[in-house]
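So this block is data-v8.cif, mmCIF, C-alpha atoms:
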data_model
#
loop_
_atom_site.label_atom_id
_atom_site.label_comp_id
_atom_site.auth_asym_id
_atom_site.auth_seq_id
_atom_site.Cartn_x
_atom_site.Cartn_y
_atom_site.Cartn_z
CA MET E 12 54.03 -55.52 10.13
CA GLU E 13 57.01 -54.77 7.98
CA ARG E 14 57.57 -57.59 5.57
CA GLY E 15 60.21 -60.05 6.68
CA ASN E 16 60.91 -63.01 8.93
CA VAL E 17 58.39 -63.01 11.76
CA ASN E 18 60.32 -65.57 13.84
CA ALA E 19 63.37 -63.32 13.89
CA THR E 20 61.19 -60.48 15.05
CA VAL E 21 59.86 -62.63 17.89
CA ARG E 22 63.36 -63.04 19.31
CA SER E 23 64.15 -59.34 19.10
CA ALA E 24 60.82 -58.43 20.66
CA LYS E 25 61.45 -60.70 23.65
CA GLN E 26 64.86 -59.14 24.20
CA ASP E 27 63.81 -55.52 23.78
CA GLU E 28 60.40 -55.54 25.45
CA MET E 29 60.54 -58.26 28.10
CA PRO E 30 60.00 -56.80 31.60
CA ALA E 31 63.23 -56.35 33.56
CA ASP E 32 61.92 -58.41 36.50
CA ALA E 33 60.74 -61.35 34.39
CA GLY E 34 61.61 -64.72 35.90
CA LEU E 35 64.31 -66.63 34.09
CA GLY E 36 63.31 -69.85 32.36
CA ARG E 37 59.60 -68.99 32.36
CA GLN E 38 57.77 -71.15 29.81
CA LEU E 39 55.71 -69.13 27.29
CA LYS E 40 52.61 -70.48 25.60
CA PRO E 41 53.18 -71.47 21.93
CA GLY E 42 51.96 -69.33 19.04
CA PRO E 43 52.99 -65.70 19.40
CA ILE E 44 50.52 -62.85 19.23
CA VAL E 45 51.39 -60.62 16.30
CA VAL E 46 50.21 -57.03 16.62
CA THR E 47 50.15 -54.71 13.61
CA LEU E 48 50.13 -51.02 14.56
CA VAL E 49 48.38 -48.62 12.18
CA HIS E 50 48.80 -44.85 12.46
CA GLY E 51 46.12 -42.28 11.78
CA THR E 52 45.70 -39.23 9.58
CA PHE E 53 48.78 -37.05 9.00
CA ALA E 54 50.78 -39.38 11.29
CA LYS E 55 53.06 -41.37 9.02
CA GLY E 56 56.01 -42.59 11.07
CA ALA E 57 54.17 -41.98 14.37
CA LEU E 58 56.43 -42.48 17.40
CA TRP E 59 53.85 -44.55 19.27
CA THR E 60 54.26 -47.30 16.64
CA LYS E 61 58.05 -47.47 17.05
CA GLU E 62 60.16 -49.73 19.24
CA GLY E 63 60.44 -48.52 22.82
CA SER E 64 57.11 -46.69 22.80
CA ILE E 65 54.89 -46.74 25.89
CA LEU E 66 52.28 -48.74 23.99
CA ARG E 67 54.71 -51.49 23.02
CA ARG E 68 56.29 -51.72 26.48
CA GLU E 69 53.02 -51.84 28.41
CA ILE E 70 51.32 -54.38 26.17
CA ALA E 71 54.43 -56.60 26.01
CA ALA E 72 54.82 -56.53 29.80
CA THR E 73 51.15 -57.33 30.46
CA LEU E 74 51.08 -60.20 27.98
CA TYR E 75 54.35 -61.62 29.25
CA ARG E 76 52.95 -61.76 32.77
CA GLN E 77 50.15 -63.86 31.27
CA ARG E 78 52.75 -66.14 29.65
CA ARG E 79 52.04 -64.84 26.15
CA ASP E 80 54.65 -63.77 23.65
CA VAL E 81 54.01 -60.77 21.40
CA VAL E 82 55.52 -59.41 18.21
CA PHE E 83 54.93 -55.86 17.00
CA GLY E 84 54.98 -54.58 13.48
CA THR E 85 53.72 -51.50 11.67
CA PHE E 86 51.69 -50.74 8.58
CA GLU E 87 52.19 -47.31 7.09
CA TRP E 88 49.88 -45.61 4.63
CA SER E 89 49.77 -42.13 3.13
CA GLY E 90 47.82 -40.64 6.04
CA ARG E 91 45.93 -38.30 3.72
CA ASN E 92 42.50 -37.28 4.92
CA THR E 93 40.45 -38.38 1.94
CA HIS E 94 38.09 -41.27 1.28
CA LYS E 95 40.25 -42.25 -1.70
CA ALA E 96 43.40 -42.45 0.44
CA ARG E 97 41.72 -44.64 3.06
CA VAL E 98 40.16 -46.95 0.47
CA LYS E 99 43.52 -47.32 -1.29
CA ALA E 100 45.23 -48.00 2.04
CA GLY E 101 42.65 -50.73 2.68
CA TYR E 102 43.78 -52.56 -0.47
CA GLU E 103 47.45 -52.10 0.48
CA MET E 104 46.90 -53.35 4.03
CA ALA E 105 45.08 -56.43 2.71
CA ASP E 106 48.21 -57.29 0.70
CA HIS E 107 50.31 -56.62 3.79
CA ILE E 108 48.21 -59.04 5.89
CA ARG E 109 48.45 -61.74 3.21
CA ASP E 110 52.26 -61.52 3.35
CA LEU E 111 52.19 -61.61 7.13
CA ARG E 112 50.00 -64.71 7.31
CA LYS E 113 52.17 -66.50 4.75
CA SER E 114 55.30 -65.94 6.85
CA CYS E 115 53.56 -66.83 10.12
CA PRO E 116 50.43 -68.91 9.47
CA ASP E 117 50.07 -70.01 13.12
CA CYS E 118 50.27 -66.50 14.62
CA GLN E 119 47.30 -64.94 16.34
CA HIS E 120 46.97 -61.66 14.49
CA PHE E 121 45.70 -58.49 16.14
CA ILE E 122 45.57 -54.92 14.88
CA ILE E 123 45.82 -51.74 16.96
CA ALA E 124 44.87 -48.64 14.99
CA HIS E 125 44.62 -44.99 15.91
CA SER E 126 42.13 -42.50 14.45
CA HIS E 127 41.37 -43.15 10.75
CA GLY E 128 43.80 -46.06 10.87
CA GLY E 129 40.85 -47.97 12.33
CA ASN E 130 38.84 -47.34 9.17
CA VAL E 131 41.79 -48.52 7.07
CA ALA E 132 42.03 -51.74 9.12
CA LEU E 133 38.33 -52.50 8.69
CA LEU E 134 38.40 -51.70 4.97
CA ALA E 135 41.35 -54.06 4.50
CA HIS E 136 39.21 -57.00 5.62
CA LYS E 137 36.83 -56.44 2.69
CA HIS E 138 39.54 -57.77 0.40
CA LEU E 139 40.64 -60.78 2.45
CA PRO E 140 39.26 -64.33 2.61
CA MET E 141 37.67 -65.16 5.95
CA GLU E 142 40.54 -67.40 7.07
CA LEU E 143 42.97 -64.47 6.90
CA HIS E 144 40.87 -62.12 9.03
CA ALA E 145 42.52 -60.83 12.20
CA ALA E 146 41.52 -62.31 15.54
CA GLY E 147 40.85 -58.81 16.80
CA ILE E 148 40.98 -55.13 15.85
CA ALA E 149 41.41 -52.55 18.62
CA THR E 150 40.89 -48.91 17.72
CA LEU E 151 41.86 -45.73 19.55
CA GLY E 152 39.69 -42.68 18.92
CA THR E 153 38.53 -43.89 15.50
CA PRO E 154 35.68 -41.91 13.92
CA PHE E 155 34.06 -44.84 12.13
CA ILE E 156 32.83 -43.65 8.74
CA TYR E 157 29.60 -45.02 7.34
CA ALA E 158 27.82 -44.48 4.04
CA LYS E 159 24.08 -45.04 3.65
CA PRO E 160 22.91 -44.83 0.01
CA ARG E 161 19.30 -43.95 -0.76
CA ASP E 162 17.00 -46.90 -1.43
CA TYR E 163 17.21 -46.55 -5.21
CA LEU E 164 21.01 -47.01 -5.07
CA VAL E 165 20.94 -50.21 -3.01
CA GLY E 166 21.92 -53.01 -5.37
CA ALA E 167 22.52 -50.59 -8.25
CA ASN E 168 25.37 -51.00 -10.73
CA ASP E 169 26.76 -49.07 -13.69
CA ALA E 170 24.44 -50.83 -16.16
CA SER E 171 21.25 -50.04 -14.23
CA LEU E 172 22.32 -46.43 -13.63
CA ARG E 173 23.02 -46.00 -17.35
CA VAL E 174 19.46 -47.10 -18.12
CA ASP E 175 18.07 -44.73 -15.46
CA ARG E 176 20.09 -41.90 -16.93
CA GLU E 177 18.91 -42.61 -20.48
CA GLU E 178 15.30 -42.55 -19.27
CA GLY E 179 15.74 -39.44 -17.13
CA PHE E 180 13.48 -36.45 -17.74
CA VAL E 181 16.18 -33.77 -18.06
CA LEU E 182 18.34 -35.51 -20.65
CA ASN E 183 15.29 -36.58 -22.64
CA MET E 184 14.03 -32.99 -22.63
CA ILE E 185 17.43 -31.77 -23.85
CA GLY E 186 17.43 -34.53 -26.48
CA TRP E 187 13.92 -33.49 -27.54
CA MET E 188 14.96 -29.83 -27.94
CA VAL E 189 18.27 -30.55 -29.71
CA SER E 190 16.56 -32.99 -32.08
CA LEU E 191 13.82 -30.45 -32.77
CA ILE E 192 16.40 -27.83 -33.74
CA ILE E 193 18.19 -30.33 -35.98
CA GLY E 194 14.86 -31.37 -37.52
CA ILE E 195 13.87 -27.77 -38.27
CA LEU E 196 17.26 -26.98 -39.79
CA THR E 197 17.02 -30.16 -41.87
CA ALA E 198 13.52 -29.21 -43.06
CA PHE E 199 14.74 -25.76 -44.16
CA ALA E 200 17.72 -27.28 -45.93
CA VAL E 201 15.48 -29.75 -47.80
CA TYR E 202 12.95 -27.02 -48.65
CA SER E 203 15.71 -24.88 -50.17
CA GLN E 204 16.17 -27.70 -52.68
CA THR E 205 12.49 -28.54 -53.20
CA GLN E 206 11.04 -25.02 -53.17
CA ALA E 207 10.36 -25.22 -56.89
CA TRP E 208 7.91 -28.08 -56.27
CA GLY E 209 5.53 -25.74 -54.47
CA THR E 210 3.25 -27.22 -51.84
CA TRP E 211 4.60 -30.74 -52.32
CA GLY E 212 8.13 -29.46 -51.76
CA ALA E 213 7.08 -27.90 -48.44
CA VAL E 214 5.25 -31.08 -47.37
CA GLY E 215 8.27 -33.20 -48.25
CA ALA E 216 10.65 -30.91 -46.33
CA ILE E 217 8.37 -31.02 -43.26
CA ALA E 218 8.14 -34.82 -43.49
CA VAL E 219 11.93 -35.18 -43.66
CA GLY E 220 12.38 -32.77 -40.74
CA TRP E 221 9.83 -34.67 -38.65
CA MET E 222 11.56 -37.99 -39.35
CA VAL E 223 14.95 -36.55 -38.34
CA TRP E 224 13.38 -35.13 -35.16
CA SER E 225 11.60 -38.34 -34.13
CA VAL E 226 14.62 -40.56 -34.87
CA GLY E 227 17.04 -38.12 -33.27
CA ILE E 228 15.33 -37.88 -29.85
CA PRO E 229 16.39 -41.33 -28.54
CA LEU E 230 19.78 -41.16 -30.28
CA VAL E 231 20.68 -37.74 -28.86
CA SER E 232 19.35 -38.63 -25.41
CA LYS E 233 21.42 -41.83 -25.30
CA ALA E 234 24.50 -40.01 -26.59
CA LEU E 235 24.14 -37.35 -23.89
CA ALA E 236 23.63 -40.04 -21.24
CA TYR E 237 26.75 -41.88 -22.42
CA LEU E 238 28.93 -38.76 -22.53
CA THR E 239 27.82 -37.40 -19.15
CA PHE E 240 27.63 -40.72 -17.27
CA PRO E 241 31.19 -40.44 -15.84
CA LEU E 242 30.07 -37.17 -14.21
CA SER E 243 26.89 -38.68 -12.76
CA ALA E 244 26.35 -37.87 -9.08
CA ARG E 245 24.43 -41.12 -8.64
CA ARG E 246 27.34 -43.10 -10.04
CA ALA E 247 29.81 -41.31 -7.75
CA ALA E 248 27.55 -41.90 -4.74
CA MET E 249 27.10 -45.59 -5.58
CA ARG E 250 30.83 -46.13 -5.97
CA LEU E 251 31.69 -44.34 -2.75
CA GLY E 252 29.02 -46.27 -0.89
CA ASN E 253 30.34 -49.58 -2.24
CA ALA E 254 33.93 -48.60 -1.42
CA LEU E 255 33.08 -47.76 2.21
CA GLU E 256 30.70 -50.66 2.80
CA LEU E 257 32.05 -53.28 5.22
CA LYS E 258 31.61 -57.02 4.83
CA PRO E 259 30.80 -59.55 7.60
CA MET E 260 33.72 -60.41 9.92
CA PRO E 261 32.47 -63.32 12.06
CA ARG E 262 36.01 -64.39 13.03
CA THR E 263 37.09 -60.95 14.26
CA ALA E 264 36.48 -59.22 17.59
CA VAL E 265 36.36 -55.41 17.54
CA LEU E 266 37.25 -53.28 20.56
CA SER E 267 37.07 -49.49 20.33
CA PHE E 268 38.27 -46.90 22.85
CA VAL E 269 37.45 -43.20 22.90
CA TYR E 270 37.83 -40.31 25.31
CA PRO E 271 34.71 -38.22 25.99
CA GLY E 272 35.19 -34.92 24.20
CA ASP E 273 37.73 -36.33 21.74
CA GLU E 274 38.56 -33.38 19.50
CA ALA E 275 38.63 -35.28 16.21
CA GLY E 276 35.32 -37.00 16.86
CA TRP E 277 33.72 -33.76 18.04
CA LEU E 278 34.87 -31.87 14.94
CA LEU E 279 33.64 -34.52 12.52
CA ALA E 280 30.33 -34.89 14.36
CA THR E 281 29.84 -31.11 14.17
CA LEU E 282 30.63 -31.06 10.45
CA GLN E 283 28.30 -34.00 9.92
CA GLN E 284 25.39 -32.26 11.63
CA ALA E 285 26.11 -28.92 9.93
CA SER E 286 26.11 -30.51 6.47
CA ALA E 287 23.05 -32.64 7.25
CA VAL E 288 20.87 -29.55 7.76
CA PRO E 289 20.96 -28.29 4.13
CA ASN E 290 20.60 -31.87 2.89
CA ARG E 291 17.38 -32.27 4.87
CA ALA E 292 16.26 -28.84 3.69
CA VAL E 293 16.87 -29.80 0.05
CA ASP E 294 14.85 -33.00 0.54
CA TRP E 295 12.04 -30.98 2.15
CA PHE E 296 12.11 -28.53 -0.77
CA LYS E 297 11.82 -31.33 -3.32
CA ASN E 298 9.09 -33.22 -1.45
CA VAL E 299 6.99 -30.31 -0.18
CA VAL E 300 7.82 -26.96 -1.77
CA VAL E 301 8.10 -28.14 -5.38
CA PRO E 302 4.66 -29.85 -5.47
CA VAL E 303 3.01 -26.90 -3.67
CA ALA E 304 4.70 -24.27 -5.84
CA SER E 305 3.94 -26.24 -9.03
CA SER E 306 0.26 -26.54 -8.11
CA ALA E 307 0.04 -22.85 -7.22
CA PHE E 308 1.75 -21.87 -10.46
CA PHE E 309 -0.63 -24.03 -12.51
CA ILE E 310 -3.72 -22.66 -10.75
CA VAL E 311 -2.66 -19.02 -11.11
CA PHE E 312 -1.63 -19.57 -14.72
CA MET E 313 -4.96 -21.17 -15.65
CA VAL E 314 -6.96 -18.53 -13.77
CA GLY E 315 -5.00 -15.84 -15.58
CA ILE E 316 -5.90 -17.36 -18.97
CA PHE E 317 -9.58 -17.99 -18.24
CA ASN E 318 -10.19 -14.73 -16.44
CA ALA E 319 -13.41 -13.68 -18.19
CA PRO E 320 -15.86 -15.56 -15.89
CA ILE E 321 -14.09 -14.37 -12.74
CA THR E 322 -13.93 -10.73 -13.78
CA ASP E 323 -17.60 -10.85 -14.84
CA LEU E 324 -18.68 -12.29 -11.46
CA THR E 325 -16.46 -10.11 -9.27
CA GLY E 326 -16.48 -6.90 -11.28
CA ILE E 327 -12.68 -6.67 -11.12
CA ASP E 328 -11.06 -4.80 -13.97
CA PRO E 329 -9.59 -7.42 -16.39
CA LYS E 330 -6.31 -5.51 -16.69
CA THR E 331 -5.93 -5.34 -12.90
CA PHE E 332 -6.72 -9.05 -12.70
CA ASP E 333 -4.07 -9.86 -15.33
CA ASP E 334 -1.51 -7.71 -13.52
CA TRP E 335 -2.14 -9.56 -10.25
CA ALA E 336 -1.94 -12.95 -11.99
CA LEU E 337 1.39 -12.03 -13.59
CA TYR E 338 2.67 -10.72 -10.26
CA LEU E 339 1.75 -13.97 -8.47
CA ILE E 340 3.37 -16.09 -11.20
CA PHE E 341 6.52 -13.99 -10.96
CA LEU E 342 6.46 -14.18 -7.14
CA ILE E 343 6.14 -17.98 -7.15
CA LEU E 344 8.96 -18.44 -9.65
CA VAL E 345 11.34 -15.98 -8.00
CA THR E 346 10.69 -17.20 -4.45
CA ALA E 347 11.02 -20.89 -5.27
CA GLY E 348 14.08 -20.26 -7.44
CA SER E 349 15.78 -18.11 -4.79
CA VAL E 350 15.18 -20.66 -2.03
CA TRP E 351 16.47 -23.47 -4.23
CA ALA E 352 19.59 -21.47 -5.19
CA PHE E 353 20.26 -20.65 -1.52
CA LEU E 354 19.96 -24.28 -0.45
CA VAL E 355 22.21 -25.51 -3.27
CA VAL E 356 24.88 -22.91 -2.46
CA ALA E 357 24.65 -23.69 1.28
CA ARG E 358 25.03 -27.41 0.61
CA TYR E 359 28.01 -26.75 -1.64
CA MET E 360 29.75 -24.47 0.87
CA LEU E 361 29.21 -26.90 3.74
CA SER E 362 30.55 -29.71 1.58
CA VAL E 363 33.67 -27.62 1.06
CA LEU E 364 33.85 -27.18 4.84
CA ARG E 365 33.53 -30.94 5.34
CA GLY E 366 36.34 -31.48 2.87
CA HIS E 367 38.95 -29.27 4.51
CA PRO E 368 42.13 -31.04 5.80
CA ALA E 369 40.66 -31.76 9.25
CA GLY E 370 37.26 -32.86 7.94
CA PHE E 371 35.98 -35.88 6.05
CA GLY E 372 38.02 -35.38 2.93
CA TRP E 373 36.66 -33.87 -0.27
CA GLU E 374 33.21 -35.05 -1.36
CA ARG E 375 31.31 -33.85 -4.41
CA PRO E 376 28.40 -31.73 -3.08
CA SER E 377 25.96 -33.32 -5.53
CA ILE E 378 26.45 -36.83 -4.14
CA HIS E 379 24.82 -35.83 -0.85
CA ALA E 380 21.49 -35.92 -2.66
CA HIS E 381 21.98 -39.69 -3.04
CA ILE E 382 24.00 -40.86 -0.03
CA ASP E 383 24.37 -40.01 3.65
CA ILE E 384 27.99 -40.03 4.83
CA GLY E 385 28.72 -39.65 8.52
CA ILE E 386 30.61 -41.02 11.51
CA SER E 387 29.81 -43.23 14.46
CA SER E 388 31.77 -43.57 17.71
CA SER E 389 31.45 -47.38 17.58
CA ALA E 390 32.19 -49.62 14.64
CA ILE E 391 29.27 -50.55 12.38
CA VAL E 392 30.44 -53.95 11.16
CA PRO E 393 27.97 -56.65 10.06
CA ALA E 394 28.18 -60.10 11.70
CA VAL E 395 31.33 -59.35 13.68
CA ARG E 396 32.50 -61.87 16.29
CA SER E 397 32.08 -59.26 19.04
CA ASN E 398 31.89 -55.48 19.11
CA THR E 399 32.81 -53.71 22.34
CA HIS E 400 32.96 -49.96 22.78
CA GLN E 401 34.71 -48.36 25.77
CA GLU E 402 34.45 -44.68 26.66
CA VAL E 403 37.37 -44.08 28.98
CA PRO E 404 37.05 -41.27 31.57
CA PHE E 405 39.60 -38.52 31.21
CA THR E 406 41.17 -37.97 34.64
CA ALA E 407 41.82 -34.52 36.12
CA GLU E 408 45.57 -35.12 35.99
CA GLU E 409 45.46 -36.06 32.32
CA ASP E 410 43.07 -33.20 31.58
CA ALA E 411 45.70 -30.79 32.88
CA LYS E 412 48.30 -32.08 30.41
CA ARG E 413 48.99 -30.10 27.31
CA GLY E 414 48.12 -31.57 23.97
CA LEU E 415 45.09 -33.12 22.37
CA ARG E 416 43.01 -35.81 24.02
CA HIS E 417 42.87 -37.55 20.66
CA SER E 418 46.64 -38.09 20.83
CA GLY E 419 46.72 -39.33 24.41
CA LEU E 420 44.90 -42.60 23.84
CA TYR E 421 47.96 -44.62 22.85
CA GLU E 422 49.81 -43.65 26.07
CA ASP E 423 46.97 -44.28 28.53
CA LYS E 424 48.12 -47.27 30.61
CA ARG E 425 44.54 -48.11 31.58
CA ILE E 426 43.67 -48.60 27.92
CA LEU E 427 46.88 -50.45 27.13
CA GLY E 428 46.30 -52.89 29.99
CA LEU E 429 42.73 -53.55 28.87
CA MET E 430 43.88 -54.16 25.30
CA ALA E 431 46.55 -56.62 26.42
CA ASP E 432 44.06 -58.57 28.57
CA TRP E 433 41.57 -58.56 25.70
CA MET E 434 44.16 -59.97 23.30
CA ALA E 435 45.16 -62.70 25.75
CA GLN E 436 41.54 -63.75 26.27
CA THR E 437 40.46 -63.40 22.63
CA GLY E 438 43.50 -65.27 21.35
#
Starting from the coordinates I provided, produce the structure as structure tokens.
Amino acid sequence: MERGNVNATVRSAKQDEMPADAGLGRQLKPGPIVVTLVHGTFAKGALWTKEGSILRREIAATLYRQRRDVVFGTFEWSGRNTHKARVKAGYEMADHIRDLRKSCPDCQHFIIAHSHGGNVALLAHKHLPMELHAAGIATLGTPFIYAKPRDYLVGANDASLRVDREEGFVLNMIGWMVSLIIGILTAFAVYSQTQAWGTWGAVGAIAVGWMVWSVGIPLVSKALAYLTFPLSARRAAMRLGNALELKPMPRTAVLSFVYPGDEAGWLLATLQQASAVPNRAVDWFKNVVVPVASSAFFIVFMVGIFNAPITDLTGIDPKTFDDWALYLIFLILVTAGSVWAFLVVARYMLSVLRGHPAGFGWERPSIHAHIDIGISSSAIVPAVRSNTHQEVPFTAEEDAKRGLRHSGLYEDKRILGLMADWMAQTG
């Protein structure tokens, strides 16, 4: 609702949206229902949220017949199709609801949201105390976004991820190599000064180089971990998961409507499945192919080194045996490397596809190794007061209309009547 005097809005709403045949002098129940309308992606200033829209007229008429007064307001956000935009809008809507409840503490607050506006409405309740939660949230064609971090990210924080990064194999290996180079260079520099001492000069230079190497390994590894931590895929995945995670809403009823074959939901579900395939393939590669290929490489490598007993027993020419061993080592490395490169490129390209303007919004490809991001047709909210999902049949007459099904939800009188009844009963 636009910030301002709610009581003044009540009077204007009764005048503008009261049914023409309403009986004069009819006594309304106290405590108006306040409905905040939230638009979806790329729909800032949507006409269905404005005064005189079909949605406002139908809901006002139905509630008035049930002796309930209703006030409409709007909440506008950027409408950008990114996780960041929706999370930011959640904070802004929380502030908006606080102002609304201050100006009308006795109102029964409901939210009607279209498309990703439903995600914004749910995210807003993360930042509100329980007593300010809406009585109900009704969504129209919302693709409810969920984020499921891998087990090792559940309960993680920046401090624990920094420790994991400092102890990681890759950065420690890099720290080992960099420190070794520094130690060798230091040893040569010391020896250039102690060369006149003969053997003792060489021993001293080696000792100094070894000390620099051993002390440098943890220091360089920690420095690399500190410098690269802001770029960590695990950190990005953890933060996105925390930002999209919903908190319990025991005071709020959720009602979601969707048309079968809704274009937006179908597109996102297709992108979700398409991007899930390379993610599963990458997991399979790590869990199956890497251990098998590593074992095969080790066996072939060892057999190639200790070839004398085998060539003696089999009579194979040692040179031929060595050639075959080298060929197998090369084949294992090239095949495993090529498959890995293909899977990484495929995951990256499909992440780009997911991030196009009609998709999920841009996501770093590397975070998919640590978190599963997808959509659900019904809201996944913990400990909600009630959670009802309605799939509304799309009639032949409506199917013949031009335009997207996704945009017809807020003009479907069947849905609007059900929402009005639901608000009257829930309130």
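Of the residues under consideration (E:Ile316, E:Leu151, E:Ala431, E:Ala275), E:Ile316 shows the shortest atom-to-atom contact distance to Asp334 in chain E when counting only C-alpha atoms.
Shortest separation to Ile44 in chain E among E:Arg109, E:His138, E:Lys330, E:Arg79 occurs at residue E:Arg79, atoms counted being all atoms listed in the file.
Minimum distance to His94 in chain E across E:Lys297, E:His120, E:His400, E:Arg375 (counting only C-alpha atoms) occurs at E:Arg375.
The protein and nucleic acid residues lying at most 9 Å from Leu182 in chain E are Arg176, Val231, Ser232, Lys233, Leu235 and Ala236 of chain E, with all atoms listed in the file considered and sequence neighbours fewer than 6 positions away removed.
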Residues from the last selection, C-alpha atoms, saved as a short mmCIF file (atom, residue, chain, number, x, y, z; two decimals), in the frame of the given file:
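Okay, out.cif is ready:
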data_model
loop_
_atom_site.label_atom_id
_atom_site.label_comp_id
_atom_site.auth_asym_id
_atom_site.auth_seq_id
_atom_site.Cartn_x
_atom_site.Cartn_y
_atom_site.Cartn_z
CA ARG E 176 20.09 -41.90 -16.93
CA VAL E 231 20.68 -37.74 -28.86
CA SER E 232 19.35 -38.63 -25.41
CA LYS E 233 21.42 -41.83 -25.30
CA LEU E 235 24.14 -37.35 -23.89
CA ALA E 236 23.63 -40.04 -21.24
#
Using all atoms of range 251-254 of chain E that appear in the file, construct an axis-aligned enclosing box with 6 Å of padding on every side and provide its centre coordinates and edge lengths in Å, rounded to one decimal, as AutoDock Vina command-line options.
--center_x 31.5 --center_y -47.0 --center_z -1.8 --size_x 16.9 --size_y 17.2 --size_z 13.9
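The shortest atom-to-atom distance to Lys99 in chain E, with all atoms listed in the file taken into account, belongs to E:Ala254 out of E:Gly166, E:Pro229, E:Ala254, E:Gly276.
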Item checked: Surrounding residues of range 214-222 of chain E excluding itself and chain neighbours under 4 positions, 10 Å, all atoms listed in the file, as a VMD selection string -> chain E and resid 190 to 206 208 to 210 226 to 227
